[in-house]
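Visitor: What follows is the file target34.cif, containing mmCIF, C-alpha atoms:
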data_run
#
loop_
_atom_site.label_atom_id
_atom_site.label_comp_id
_atom_site.auth_asym_id
_atom_site.auth_seq_id
_atom_site.Cartn_x
_atom_site.Cartn_y
_atom_site.Cartn_z
CA MET M 1 -7.20 7.23 6.78
CA ALA M 2 -10.04 9.71 6.28
CA GLU M 3 -9.69 9.76 2.50
CA GLU M 4 -9.38 5.97 2.39
CA LYS M 5 -12.63 5.64 4.32
CA ASP M 6 -14.21 8.02 1.80
CA ILE M 7 -13.09 5.73 -1.02
CA PHE M 8 -14.71 2.73 0.70
CA LYS M 9 -17.88 4.76 1.26
CA GLN M 10 -18.03 5.61 -2.46
CA LEU M 11 -17.48 1.94 -3.28
CA PHE M 12 -20.46 0.97 -1.12
CA GLU M 13 -22.63 3.68 -2.72
CA GLN M 14 -22.17 2.62 -6.35
CA GLU M 15 -25.15 2.21 -8.69
CA GLU M 16 -26.14 -1.07 -7.01
CA PRO M 17 -25.76 -0.30 -3.29
CA PHE M 18 -24.33 -2.99 -1.04
CA THR M 19 -26.52 -4.67 1.56
CA GLU M 20 -25.35 -4.41 5.17
CA LYS M 21 -23.98 -7.97 5.13
CA GLN M 22 -22.33 -7.42 1.76
CA GLN M 23 -20.64 -4.31 3.10
CA LYS M 24 -19.31 -6.24 6.11
CA ILE M 25 -17.99 -8.96 3.80
CA VAL M 26 -16.21 -6.48 1.54
CA GLU M 27 -14.73 -4.54 4.47
CA ALA M 28 -13.39 -7.76 5.97
CA ALA M 29 -12.04 -8.93 2.61
CA ILE M 30 -10.29 -5.61 1.95
CA GLU M 31 -8.55 -5.75 5.31
CA MET M 32 -7.53 -9.41 5.01
CA PHE M 33 -6.45 -9.26 1.35
CA ALA M 34 -4.23 -6.29 2.19
CA GLU M 35 -2.79 -7.93 5.30
CA LYS M 36 -2.36 -11.56 4.19
CA GLY M 37 -2.77 -11.50 0.42
CA TYR M 38 -5.51 -13.04 -1.69
CA ALA M 39 -4.01 -16.54 -1.89
CA SER M 40 -3.50 -16.82 1.88
CA THR M 41 -6.98 -15.64 2.79
CA SER M 42 -9.85 -18.12 2.92
CA THR M 43 -13.54 -17.35 2.61
CA SER M 44 -14.06 -18.88 6.07
CA GLN M 45 -11.61 -16.35 7.53
CA ILE M 46 -13.39 -13.51 5.76
CA ALA M 47 -16.76 -14.76 7.00
CA LYS M 48 -15.50 -14.99 10.57
CA LYS M 49 -14.08 -11.47 10.49
CA ALA M 50 -17.28 -10.13 8.91
CA GLY M 51 -19.45 -11.92 11.47
CA VAL M 52 -21.47 -13.80 8.84
CA ALA M 53 -21.86 -17.43 7.81
CA GLU M 54 -19.53 -18.57 5.03
CA GLY M 55 -22.58 -19.47 2.94
CA THR M 56 -23.60 -15.80 3.01
CA ILE M 57 -20.47 -14.92 1.03
CA PHE M 58 -21.40 -17.39 -1.70
CA ARG M 59 -24.91 -15.99 -1.90
CA HIS M 60 -23.36 -12.68 -2.96
CA TYR M 61 -20.24 -13.91 -4.76
CA LYS M 62 -19.88 -17.20 -6.64
CA THR M 63 -16.16 -17.51 -5.82
CA LYS M 64 -13.44 -15.79 -3.81
CA LYS M 65 -12.16 -14.42 -7.14
CA ASP M 66 -15.53 -12.72 -7.73
CA LEU M 67 -15.20 -11.11 -4.32
CA LEU M 68 -11.73 -9.80 -5.18
CA LEU M 69 -12.92 -8.42 -8.52
CA SER M 70 -15.93 -6.76 -6.86
CA ILE M 71 -13.48 -4.82 -4.68
CA VAL M 72 -10.72 -3.97 -7.12
CA SER M 73 -12.65 -3.41 -10.36
CA PRO M 74 -14.98 -0.56 -9.30
CA THR M 75 -12.30 0.88 -7.03
CA MET M 76 -9.92 1.12 -9.95
CA ALA M 77 -12.39 2.17 -12.63
CA LYS M 78 -14.47 4.67 -10.67
CA LEU M 79 -12.28 5.89 -7.82
CA ILE M 80 -8.54 5.42 -8.22
CA ALA M 81 -8.30 5.94 -11.99
CA PRO M 82 -10.21 9.25 -12.07
CA PHE M 83 -8.18 10.47 -9.07
CA VAL M 84 -4.89 9.59 -10.79
CA ILE M 85 -5.88 11.09 -14.14
CA ARG M 86 -7.26 14.22 -12.48
CA ASP M 87 -3.99 14.74 -10.62
CA ILE M 88 -1.96 14.24 -13.79
CA ASN M 89 -4.06 16.95 -15.45
CA LYS M 90 -3.54 19.15 -12.41
CA VAL M 91 0.21 18.86 -12.77
CA LEU M 92 0.06 19.43 -16.52
CA ASP M 93 -2.06 22.53 -16.05
CA ALA M 94 0.46 23.91 -13.56
CA LYS M 95 2.97 24.29 -16.43
CA TYR M 96 6.13 23.70 -14.43
CA GLU M 97 9.07 25.51 -15.93
CA ARG M 98 11.46 22.57 -15.52
CA TYR M 99 11.05 18.82 -15.89
CA GLU M 100 12.65 18.28 -12.50
CA ASP M 101 10.03 20.52 -10.87
CA PHE M 102 7.31 18.38 -12.44
CA LEU M 103 8.98 15.19 -11.19
CA LYS M 104 9.22 16.51 -7.65
CA ALA M 105 5.56 17.58 -7.69
CA MET M 106 4.48 14.16 -8.96
CA ILE M 107 6.39 12.28 -6.26
CA MET M 108 4.95 14.47 -3.51
CA ASN M 109 1.47 14.10 -4.96
CA ARG M 110 1.72 10.29 -5.08
CA GLN M 111 3.10 10.23 -1.54
CA GLU M 112 0.01 11.93 -0.22
CA PHE M 113 -2.24 9.56 -2.15
CA LEU M 114 -0.47 6.48 -0.77
CA LYS M 115 -0.64 7.74 2.80
CA ASP M 116 -4.44 7.88 2.51
CA ASN M 117 -5.02 4.79 0.37
CA MET M 118 -2.40 2.24 1.41
CA THR M 119 -4.86 -0.62 1.99
CA VAL M 120 -6.27 -0.54 -1.54
CA PHE M 121 -2.81 0.07 -3.01
CA LYS M 122 -1.41 -3.05 -1.32
CA ILE M 123 -4.18 -5.17 -2.78
CA LEU M 124 -3.55 -3.73 -6.25
CA ILE M 125 0.20 -4.34 -6.32
CA GLN M 126 -0.14 -7.77 -4.71
CA GLU M 127 -2.86 -9.09 -7.01
CA ILE M 128 -2.56 -7.36 -10.42
CA PRO M 129 0.42 -9.50 -11.54
CA PHE M 130 -1.50 -12.73 -10.86
CA HIS M 131 -4.93 -11.89 -12.29
CA PRO M 132 -5.17 -11.12 -16.04
CA GLU M 133 -8.56 -9.43 -15.57
CA LEU M 134 -7.12 -6.93 -13.11
CA LYS M 135 -4.05 -6.36 -15.26
CA GLU M 136 -6.22 -5.49 -18.26
CA GLN M 137 -8.36 -3.14 -16.19
CA PHE M 138 -5.26 -1.41 -14.83
CA LYS M 139 -3.94 -0.94 -18.37
CA GLU M 140 -7.30 0.29 -19.66
CA HIS M 141 -8.24 2.69 -16.87
CA ILE M 142 -4.85 3.94 -15.66
CA ALA M 143 -1.65 2.88 -17.44
CA ARG M 144 -2.51 3.82 -21.03
CA LYS M 145 -4.00 7.20 -20.11
CA ILE M 146 -1.11 8.15 -17.87
CA PHE M 147 1.48 6.93 -20.39
CA GLU M 148 -0.05 9.06 -23.16
CA LYS M 149 -0.14 12.20 -21.03
CA PHE M 150 3.31 11.60 -19.59
CA THR M 151 4.73 11.09 -23.10
CA ALA M 152 3.20 14.35 -24.30
CA LEU M 153 4.72 16.09 -21.30
CA VAL M 154 8.19 14.67 -22.06
CA ASP M 155 7.80 15.87 -25.66
CA HIS M 156 7.13 19.35 -24.28
CA TYR M 157 10.31 19.38 -22.17
CA LYS M 158 12.34 17.95 -25.05
CA GLU M 159 11.19 20.86 -27.21
CA LYS M 160 12.34 23.20 -24.45
CA GLY M 161 15.78 21.57 -24.61
CA GLN M 162 15.70 20.10 -21.11
CA ILE M 163 15.75 16.39 -22.02
CA ILE M 164 18.28 14.56 -24.19
CA ASP M 165 17.33 13.10 -27.55
CA LEU M 166 15.92 9.75 -26.45
CA PRO M 167 12.55 8.27 -27.48
CA SER M 168 9.95 9.88 -25.24
CA PRO M 169 8.42 6.52 -24.20
CA ALA M 170 11.85 5.43 -22.93
CA VAL M 171 12.16 8.63 -20.86
CA VAL M 172 8.69 8.01 -19.42
CA ARG M 173 9.53 4.41 -18.48
CA PHE M 174 12.78 5.43 -16.78
CA SER M 175 11.16 8.31 -14.88
CA ALA M 176 8.07 6.36 -13.82
CA THR M 177 10.11 3.33 -12.73
CA SER M 178 12.34 5.51 -10.56
CA ILE M 179 9.38 7.26 -8.93
CA PHE M 180 7.42 4.04 -8.36
CA GLY M 181 10.52 2.31 -7.02
CA LEU M 182 11.02 4.99 -4.38
CA LEU M 183 7.38 4.91 -3.29
CA LEU M 184 7.24 1.11 -3.23
CA VAL M 185 10.28 0.80 -0.96
CA ARG M 186 9.22 3.77 1.18
CA TYR M 187 5.64 2.71 1.86
CA VAL M 188 5.47 -1.06 1.24
CA PHE M 189 8.82 -2.78 1.74
CA LEU M 190 10.59 -0.64 4.35
CA PRO M 191 8.08 1.79 5.89
CA GLU M 192 9.62 1.32 9.35
CA GLU M 193 12.99 2.82 8.33
CA ASP M 194 13.98 6.32 9.42
CA TRP M 195 13.19 8.14 6.17
CA ASP M 196 14.19 11.67 5.24
CA ASP M 197 11.48 12.14 2.61
CA GLU M 198 12.69 15.50 1.36
CA LYS M 199 16.21 14.19 0.83
CA GLU M 200 14.99 10.99 -0.86
CA ILE M 201 12.81 12.97 -3.27
CA GLU M 202 15.69 15.29 -4.15
CA MET M 203 18.05 12.36 -4.77
CA THR M 204 15.50 10.50 -6.90
CA VAL M 205 14.82 13.56 -9.04
CA GLN M 206 18.55 14.21 -9.40
CA MET M 207 19.20 10.62 -10.52
CA ILE M 208 16.45 10.88 -13.14
CA MET M 209 17.81 14.19 -14.40
CA ASN M 210 21.36 12.79 -14.52
CA GLY M 211 20.00 10.08 -16.79
CA VAL M 212 17.77 12.07 -19.15
CA GLY M 213 18.45 15.76 -18.54
CA LYS M 214 20.67 18.00 -20.65
CA GLU M 215 23.63 19.73 -19.02
#
Step by step, read the file and then write its structure as structure tokens.

Guide:
Amino acid sequence: MAEEKDIFKQLFEQEEPFTEKQQKIVEAAIEMFAEKGYASTSTSQIAKKAGVAEGTIFRHYKTKKDLLLSIVSPTMAKLIAPFVIRDINKVLDAKYERYEDFLKAMIMNRQEFLKDNMTVFKILIQEIPFHPELKEQFKEHIARKIFEKFTALVDHYKEKGQIIDLPSPAVVRFSATSIFGLLLVRYVFLPEEDWDDEKEIEMTVQMIMNGVGKE
């Protein structure tokens, strides 16, 4: 949780610093949105958890939606997106010899990120599908940049003769969906199961390679 606390600290220290009450409101909202979801959380519940009057929330945020956006937008644009892009560059710079080595490194990297940032991640995956503003921000700050870099990487491994002759965007979609599916089940849907992470990573990489790799 240390890194997750660091993310919240950076959020509170943005260009327009939060007041003490505003910080309490945001901390309470983050916890409750992650635990119960945006739709099932009321401003009165947030106020109670934050130890402030409900009217205080509306002095800082016009609506509950504004409160959600104040949490997710800067977190995505300033904190999560740069972290994700930086890690993608890190993997690209490592110049893995094989596509499967790259895949394994990416899964392990994302695992570590999720372990430290599960609260924010839960809010993102729960709310992005239902809020067009968040969806657009996700596409602008994360999805498009990652997709471009991932596609260039697939092109590289195709030139090396390691990936079959499929459109690179299709290979990216298949690979990313497999990786995200594993992480989603592992850390969101069934975290209480007895997981053998090393074995699951190996099987996921093998399934991807069976689909797109050359013999």

Visitor: From the options M:Ala105, M:Ala170, M:Ile163, M:Val188, which residue's atoms come nearest to Gly213 in chain M, counting all atoms listed in the file?

Guide: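 With all atoms listed in the file as the atom set, the closest residue is M:Ile163.
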
Visitor: Could you check which of M:Ile146, M:Met207, M:Ile179, M:Ile25 is closest to Arg59 in chain M, using only C-alpha atoms?

Guide: M:Ile25

Visitor: Taking all atoms listed in the file into account, name the residue in M:Lys21, M:Asn210, M:Lys36, M:Lys104 that is nearest to Ala53 in chain M.

Guide: M:Lys21

Visitor: Hey, could you make a per-residue contact list for range 112-198 of chain M against range 63-73 of chain M with 9 Å as the cut-off, showing the nearest pair of atoms and its distance in Å to one decimal, counting all atoms listed in the file, sorted by chain and number, as a tab-separated table?

Guide:
residue	atom	partner	partner_atom	distance
M:Val120	CA	M:Val72	CA	7.9
M:Ile123	CA	M:Val72	CA	7.9
M:Leu124	CA	M:Val72	CA	7.2
M:Glu133	CA	M:Leu69	CA	8.4
M:Leu134	CA	M:Ser73	CA	7.1
M:Gln137	CA	M:Ser73	CA	7.2
M:Phe138	CA	M:Ser73	CA	8.9

Visitor: Given all atoms listed in the file as the basis, pick out the residue of M:Glu31, M:Glu136, M:Asp196, M:Glu97 nearest to Lys122 in chain M.

Guide: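 Checking each candidate against Lys122 in chain M, we get M:Glu31 as the closest.
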
Visitor: Nearest to Leu114 in chain M: which of M:Lys199, M:Val205, M:Ser42, M:Tyr187 is it, counting all atoms listed in the file?

Guide: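 Once distances to Leu114 in chain M are computed over all atoms listed in the file, the minimum belongs to M:Tyr187.
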
Visitor: For a test of reading the model, state the distance in Å between CA of Gly211 in chain M and CA of Phe174 in chain M, rounded to one decimal.

Guide: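 Rounded to one decimal, the two atoms are 8.6 Å apart.
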